[in-house]
file query07.txt (compact mmCIF, C-alpha atoms and all ligand atoms)
# COMPACT_ATOMS: atom_id res chain seq x y z
CA MET V 1 9.41 8.20 13.38
CA ARG V 2 6.03 6.47 13.78
CA LEU V 3 4.24 3.97 11.58
CA TYR V 4 0.47 3.57 11.80
CA LEU V 5 -1.12 0.43 10.36
CA ILE V 6 -4.64 1.59 9.55
CA PRO V 7 -7.51 -0.72 8.57
CA VAL V 8 -10.02 0.94 6.25
CA ALA V 9 -12.03 -2.13 5.23
CA GLU V 10 -12.09 -5.90 5.49
CA ILE V 11 -12.05 -8.58 2.79
CA ALA V 12 -15.32 -10.39 3.33
CA ALA V 13 -14.11 -13.85 2.35
CA THR V 14 -10.96 -13.99 4.50
CA GLY V 15 -11.42 -11.37 7.21
CA GLY V 16 -8.13 -9.91 6.02
CA PRO V 17 -7.62 -6.17 6.36
CA VAL V 18 -7.59 -3.61 3.59
CA PRO V 19 -4.98 -1.30 5.10
CA VAL V 20 -3.37 2.02 4.45
CA TYR V 21 -0.22 3.09 6.29
CA LEU V 22 0.81 6.45 7.71
CA ILE V 23 4.44 7.30 8.41
CA ARG V 24 5.11 10.40 10.50
CA THR V 25 8.76 11.39 10.39
CA ASP V 26 10.68 13.23 13.10
CA GLU V 27 11.01 16.15 10.66
CA GLY V 28 7.21 16.46 10.55
CA ALA V 29 6.53 14.87 7.15
CA ASN V 30 3.39 12.76 6.80
CA VAL V 31 3.77 9.94 4.27
CA LEU V 32 0.62 7.99 3.48
CA VAL V 33 0.97 4.64 1.73
CA ASP V 34 -2.12 3.98 -0.41
CA THR V 35 -5.57 5.53 0.02
CA GLY V 36 -7.70 2.44 0.51
CA TYR V 37 -10.96 1.20 -0.75
CA ALA V 38 -13.43 3.51 -2.46
CA ARG V 39 -16.62 2.49 -0.69
CA ASP V 40 -18.76 5.22 -2.22
CA ARG V 41 -17.74 4.76 -5.83
CA ALA V 42 -20.18 2.98 -8.06
CA GLY V 43 -19.16 -0.04 -10.09
CA LEU V 44 -16.82 -1.71 -7.63
CA PRO V 45 -17.29 -5.35 -6.72
CA GLY V 46 -18.66 -6.15 -3.32
CA PRO V 47 -16.27 -8.57 -1.61
CA VAL V 48 -15.06 -5.87 0.78
CA LYS V 49 -16.82 -4.77 3.96
CA ALA V 50 -16.26 -1.19 5.06
CA GLU V 51 -17.91 0.29 8.14
CA PRO V 52 -18.99 3.92 8.04
CA GLY V 53 -16.21 6.04 9.50
CA ALA V 54 -13.48 3.58 8.54
CA ASP V 55 -12.45 5.40 5.36
CA VAL V 56 -8.97 6.82 5.13
CA VAL V 57 -9.94 10.47 5.71
CA SER V 58 -11.91 9.60 8.87
CA ARG V 59 -9.14 7.34 10.17
CA LEU V 60 -6.55 10.07 9.67
CA ALA V 61 -8.85 12.61 11.32
CA GLY V 62 -8.83 10.35 14.38
CA LEU V 63 -5.08 10.98 14.53
CA GLY V 64 -5.45 14.72 14.04
CA VAL V 65 -4.19 14.54 10.45
CA ARG V 66 -6.13 16.42 7.78
CA PRO V 67 -5.79 15.61 4.07
CA ASP V 68 -3.78 18.81 3.56
CA ASP V 69 -1.30 17.63 6.20
CA VAL V 70 -0.27 14.68 4.01
CA HIS V 71 2.91 15.56 2.11
CA TYR V 72 3.40 12.35 0.12
CA VAL V 73 1.14 9.52 -0.94
CA VAL V 74 3.14 6.45 -1.93
CA CYS V 75 1.10 4.43 -4.43
CA SER V 76 1.79 0.71 -4.17
CA HIS V 77 -0.38 0.31 -7.27
CA PHE V 78 -3.76 1.43 -8.61
CA ASP V 79 -5.96 -1.55 -7.72
CA PRO V 80 -9.30 -0.38 -6.29
CA ASP V 81 -8.52 -1.48 -2.74
CA HIS V 82 -5.35 0.65 -2.75
CA ALA V 83 -6.06 3.72 -4.85
CA GLY V 84 -9.71 4.43 -4.10
CA ASN V 85 -9.37 7.87 -2.54
CA HIS V 86 -6.48 9.64 -4.22
CA ASP V 87 -8.68 12.60 -5.03
CA ALA V 88 -9.16 13.22 -1.30
CA PHE V 89 -5.52 14.41 -1.11
CA PRO V 90 -5.22 17.21 -3.68
CA SER V 91 -2.24 18.89 -2.04
CA ALA V 92 -0.08 15.76 -1.71
CA GLU V 93 2.70 14.59 -4.01
CA PHE V 94 1.83 11.10 -5.30
CA VAL V 95 4.80 8.81 -5.83
CA VAL V 96 4.37 5.88 -8.20
CA GLN V 97 6.65 3.65 -10.25
CA ARG V 98 6.82 4.96 -13.81
CA ARG V 99 6.13 1.49 -15.25
CA HIS V 100 2.94 1.21 -13.26
CA ASP V 101 1.74 4.69 -14.14
CA GLU V 102 2.33 3.99 -17.84
CA LEU V 103 0.57 0.64 -17.64
CA ALA V 104 -2.45 2.12 -15.88
CA ARG V 105 -2.75 5.04 -18.29
CA SER V 106 -2.52 2.64 -21.25
CA ARG V 107 -5.85 1.10 -20.07
CA ALA V 108 -4.41 -2.36 -20.70
CA VAL V 109 -5.46 -3.75 -17.31
CA PRO V 110 -9.25 -3.56 -16.82
CA ARG V 111 -9.18 -3.71 -13.03
CA LEU V 112 -7.06 -0.55 -12.87
CA GLU V 113 -9.96 1.23 -14.56
CA MET V 114 -12.25 0.55 -11.61
CA CYS V 115 -11.19 3.58 -9.64
CA ARG V 116 -9.68 5.64 -12.45
CA ALA V 117 -11.85 8.57 -11.34
CA SER V 118 -9.87 8.62 -8.10
CA TRP V 119 -6.31 8.32 -9.42
CA ASP V 120 -6.56 9.86 -12.89
CA HIS V 121 -7.63 13.21 -11.57
CA PRO V 122 -6.39 16.39 -13.22
CA GLY V 123 -5.66 18.11 -9.92
CA LEU V 124 -3.24 15.49 -8.62
CA LYS V 125 0.55 15.85 -8.76
CA TYR V 126 2.43 12.66 -9.63
CA SER V 127 6.14 12.00 -9.27
CA LEU V 128 7.32 9.01 -11.25
CA VAL V 129 10.19 6.89 -9.94
CA ASP V 130 12.22 4.13 -11.60
CA GLY V 131 13.01 1.22 -9.32
CA ASP V 132 14.19 1.38 -5.71
CA THR V 133 14.14 4.93 -4.38
CA GLU V 134 14.71 6.61 -1.03
CA LEU V 135 11.69 8.87 -0.53
CA VAL V 136 12.83 10.58 2.68
CA PRO V 137 15.46 9.39 5.16
CA GLY V 138 14.19 6.12 6.64
CA VAL V 139 11.54 5.47 3.99
CA GLU V 140 12.59 3.44 0.95
CA LEU V 141 10.43 2.38 -1.98
CA VAL V 142 11.16 -1.15 -3.18
CA GLU V 143 10.05 -2.10 -6.67
CA SER V 144 8.14 -5.43 -6.49
CA SER V 145 6.45 -6.14 -9.82
CA GLY V 146 4.49 -9.29 -10.58
CA HIS V 147 1.12 -8.85 -8.92
CA VAL V 148 1.08 -6.04 -11.45
CA GLU V 149 3.91 -4.30 -13.27
CA GLY V 150 5.46 -1.49 -11.26
CA HIS V 151 3.99 -2.55 -7.93
CA GLN V 152 6.06 -1.14 -5.06
CA SER V 153 6.58 -2.11 -1.43
CA VAL V 154 7.98 0.15 1.30
CA LEU V 155 10.79 -0.31 3.82
CA VAL V 156 10.43 1.89 6.91
CA ARG V 157 13.32 2.18 9.37
CA LEU V 158 11.92 2.71 12.84
CA PRO V 159 14.11 3.58 15.83
CA GLU V 160 12.70 1.00 18.28
CA THR V 161 10.96 -1.66 16.17
CA GLY V 162 13.73 -1.66 13.57
CA PRO V 163 13.05 -2.04 9.85
CA VAL V 164 9.48 -2.82 8.79
CA LEU V 165 8.80 -4.02 5.25
CA LEU V 166 5.31 -3.19 4.01
CA ALA V 167 5.02 -5.87 1.33
CA VAL V 168 1.51 -4.83 0.21
CA ASP V 169 0.24 -7.15 -2.55
CA ALA V 170 3.68 -8.47 -3.52
CA VAL V 171 3.18 -10.81 -0.53
CA PRO V 172 -0.45 -10.52 0.62
CA GLU V 173 -0.29 -13.26 3.26
CA GLN V 174 2.36 -15.05 5.26
CA ALA V 175 1.28 -18.22 3.44
CA ALA V 176 2.64 -16.63 0.25
CA ALA V 177 6.04 -15.73 1.71
CA ASP V 178 7.95 -18.67 0.23
CA PRO V 179 8.78 -17.80 -3.40
CA ALA V 180 9.04 -21.42 -4.54
CA THR V 181 5.79 -22.73 -3.12
CA ARG V 182 3.64 -19.62 -2.84
CA ARG V 183 0.18 -19.62 -4.25
CA ILE V 184 -0.29 -17.40 -7.29
CA TYR V 185 -3.55 -15.50 -6.77
CA PRO V 186 -5.96 -14.73 -9.60
CA PHE V 187 -4.87 -11.07 -9.52
CA ASP V 188 -1.13 -11.85 -9.81
CA LEU V 189 -0.63 -11.03 -13.48
CA ASP V 190 2.88 -12.42 -13.98
CA GLU V 191 3.80 -15.61 -12.11
CA GLN V 192 7.52 -15.49 -12.78
CA ALA V 193 7.84 -11.85 -11.75
CA THR V 194 5.67 -12.48 -8.69
CA ARG V 195 7.98 -15.29 -7.53
CA ALA V 196 11.06 -13.15 -8.25
CA SER V 197 9.68 -10.23 -6.22
CA THR V 198 8.69 -12.55 -3.38
CA ALA V 199 12.25 -13.90 -3.34
CA ARG V 200 13.70 -10.41 -3.42
CA LEU V 201 11.55 -9.19 -0.53
CA ALA V 202 12.37 -12.33 1.48
CA ARG V 203 16.09 -11.64 0.99
CA LEU V 204 15.69 -8.00 1.90
CA ALA V 205 13.73 -8.88 5.04
CA ARG V 206 16.37 -11.40 6.06
CA ASP V 207 19.30 -9.07 5.41
CA GLU V 208 17.62 -6.17 7.20
CA LYS V 209 16.08 -8.37 9.94
CA ALA V 210 12.85 -6.61 9.06
CA LEU V 211 9.35 -7.27 10.32
CA VAL V 212 7.32 -8.03 7.19
CA VAL V 213 3.76 -6.71 7.19
CA TYR V 214 1.80 -8.72 4.65
CA GLY V 215 -0.78 -6.97 2.49
CA HIS V 216 -4.02 -8.64 3.55
CA ASP V 217 -3.25 -11.24 6.24
CA ALA V 218 -6.12 -11.68 8.74
CA ARG V 219 -4.08 -13.74 11.17
CA GLN V 220 -1.01 -11.54 11.25
CA TRP V 221 -3.12 -8.39 11.55
CA ARG V 222 -4.56 -9.57 14.87
CA ASP V 223 -1.06 -9.73 16.33
CA LEU V 224 0.12 -6.35 15.05
CA ARG V 225 -0.13 -3.08 16.91
CA THR V 226 -2.63 -1.32 14.65
CA TRP V 227 -4.46 2.03 14.51
CA PRO V 228 -4.89 4.03 16.68
CA GLY V 229 -1.72 2.53 18.14
CA TYR V 230 1.51 2.70 16.19
CA LEU V 231 4.98 1.24 15.79
CA SER V 232 7.91 3.48 16.63
ZN ZN S 301 -4.71 -5.47 -2.42

call {"tool": "encode", "arguments": {"input": "query07.txt", "output": "structure tokens", "more": "lines below"}}
Ligand SMILES: [Zn+2]
result
Amino acid sequence: MRLYLIPVAEIAATGGPVPVYLIRTDEGANVLVDTGYARDRAGLPGPVKAEPGADVVSRLAGLGVRPDDVHYVVCSHFDPDHAGNHDAFPSAEFVVQRRHDELARSRAVPRLEMCRASWDHPGLKYSLVDGDTELVPGVELVESSGHVEGHQSVLVRLPETGPVLLAVDAVPEQAAADPATRRIYPFDLDEQATRASTARLARLARDEKALVVYGHDARQWRDLRTWPGYLS
């Protein structure tokens, strides 16, 4: 099994990455986590820098993976830096927490509307899950609400590296890894749930001895083996 950490854009203010992740299993399944920032879609705010050729489809092409080769897209959540290109993967099965899907479709959270054209697309197949779920052997979805309801993180069990916990926006930076003292960011909708999820992921990482990959951490990203390299 291989895990690719793929930068598709950069947050202008912090230099932090906007990543997607590709898991290639030994059985030949391609699992993409998130679809990244929608640089071509009108109406998005401009704090993200994306070079031409850094979009998810181009990055995957660099690995010889076409959109039709992606079997699953795990949706951490539908914020515009994570769900901007769902419609580029019409043959994939999209896996999202039911609570998040319901929240997004209720139109109660304005920022989830920003790339609705990408994720609320009639041709896309969604599978709704409730809480922690094994997607395929070695890939587990971990419910981590708080940043937004029904956010999910992903635990990947790699043969050499060991377990890797993709925290995504449940813990966007190492500086937010301590549940008691962590900063609550403007986009974290529920402080109590955010702290509870941070605590839960910290426990999971400790119990599993997992490497935690934070969602948008500039400093950590520099030390990680990123695209086109991979963790195995
Ligand atoms: Zn994010």

call {"tool": "residues_near_ligand", "arguments": {"input": "query07.txt", "ligand": "ligand ZN 301 (chain S)", "cutoff": "7 Å", "atoms": "all atoms listed in the file", "output": "CSV table (one decimal) with C-alpha atoms, in the frame of the given file"}}
result
chain,number,residue,atom,x,y,z
V,18,VAL,CA,-7.6,-3.6,3.6
V,79,ASP,CA,-6.0,-1.6,-7.7
V,81,ASP,CA,-8.5,-1.5,-2.7
V,82,HIS,CA,-5.4,0.6,-2.8
V,168,VAL,CA,1.5,-4.8,0.2
V,169,ASP,CA,0.2,-7.2,-2.6
V,215,GLY,CA,-0.8,-7.0,2.5
V,216,HIS,CA,-4.0,-8.6,3.6

call {"tool": "residues_around", "arguments": {"input": "query07.txt", "residues": "region 99-114 of chain V", "least_positions_apart": "6", "cutoff": "7 Å", "atoms": "all atoms listed in the file", "output": "list in words"}}
result
Leu44, His77, Phe78, Asp79, Pro80, Glu149, Gly150 and His151 of chain V

call {"tool": "atom_distance", "arguments": {"input": "query07.txt", "atom1": "CA of Glu51 (chain V)", "atom2": "CA of Gly84 (chain V)"}}
result
15.3 Å

call {"tool": "residues_around", "arguments": {"input": "query07.txt", "residues": "Tyr126 (chain V)", "least_positions_apart": "4", "cutoff": "9 Å", "atoms": "only C-alpha atoms", "output": "PyMOL selection string"}}
result
chain V and resi 92-96

call {"tool": "write_last_selection", "arguments": {"input": "query07.txt", "atoms": "C-alpha atoms", "output": "PDB file, in the frame of the given file"}}
result
ATOM      1  CA  ALA V  92      -0.080  15.760  -1.710  1.00  0.00           C
ATOM      2  CA  GLU V  93       2.700  14.590  -4.010  1.00  0.00           C
ATOM      3  CA  PHE V  94       1.830  11.100  -5.300  1.00  0.00           C
ATOM      4  CA  VAL V  95       4.800   8.810  -5.830  1.00  0.00           C
ATOM      5  CA  VAL V  96       4.370   5.880  -8.200  1.00  0.00           C
TER       6      VAL V  96
END

call {"tool": "atom_distance", "arguments": {"input": "query07.txt", "atom1": "CA of Leu22 (chain V)", "atom2": "CA of Leu155 (chain V)"}}
result
12.7 Å

call {"tool": "atom_distance", "arguments": {"input": "query07.txt", "atom1": "CA of Val164 (chain V)", "atom2": "CA of Gly146 (chain V)"}}
result
21.0 Å

call {"tool": "closest_residue", "arguments": {"input": "query07.txt", "among": "V:Arg98, V:Arg182, V:His86, V:Arg203", "to": "Arg116 (chain V)", "atoms": "all atoms listed in the file"}}
result
V:His86

call {"tool": "closest_residue", "arguments": {"input": "query07.txt", "among": "V:Arg157, V:His147, V:Arg206, V:Arg219", "to": "Glu173 (chain V)", "atoms": "all atoms listed in the file"}}
result
V:Arg219

call {"tool": "closest_residue", "arguments": {"input": "query07.txt", "among": "V:Met1, V:Ala50, V:Ala38, V:Val70", "to": "Gly16 (chain V)", "atoms": "only C-alpha atoms"}}
result
V:Ala50

call {"tool": "residues_around", "arguments": {"input": "query07.txt", "residues": "Val57 (chain V)", "least_positions_apart": "4", "cutoff": "10 Å", "atoms": "all atoms listed in the file", "output": "number ranges by chain"}}
result
V: 8, 35-36, 53, 61-62, 65-67, 85, 88-89

call {"tool": "closest_residue", "arguments": {"input": "query07.txt", "among": "V:Glu160, V:Asp132, V:Glu10, V:Asp217", "to": "Val48 (chain V)", "atoms": "all atoms listed in the file"}}
result
V:Glu10

call {"tool": "closest_residue", "arguments": {"input": "query07.txt", "among": "V:Lys125, V:Arg200, V:Arg2, V:Arg222", "to": "Gly15 (chain V)", "atoms": "all atoms listed in the file"}}
result
V:Arg222

call {"tool": "closest_residue", "arguments": {"input": "query07.txt", "among": "V:Val148, V:Glu140, V:Ala210, V:Gly131", "to": "Asp188 (chain V)", "atoms": "only C-alpha atoms"}}
result
V:Val148
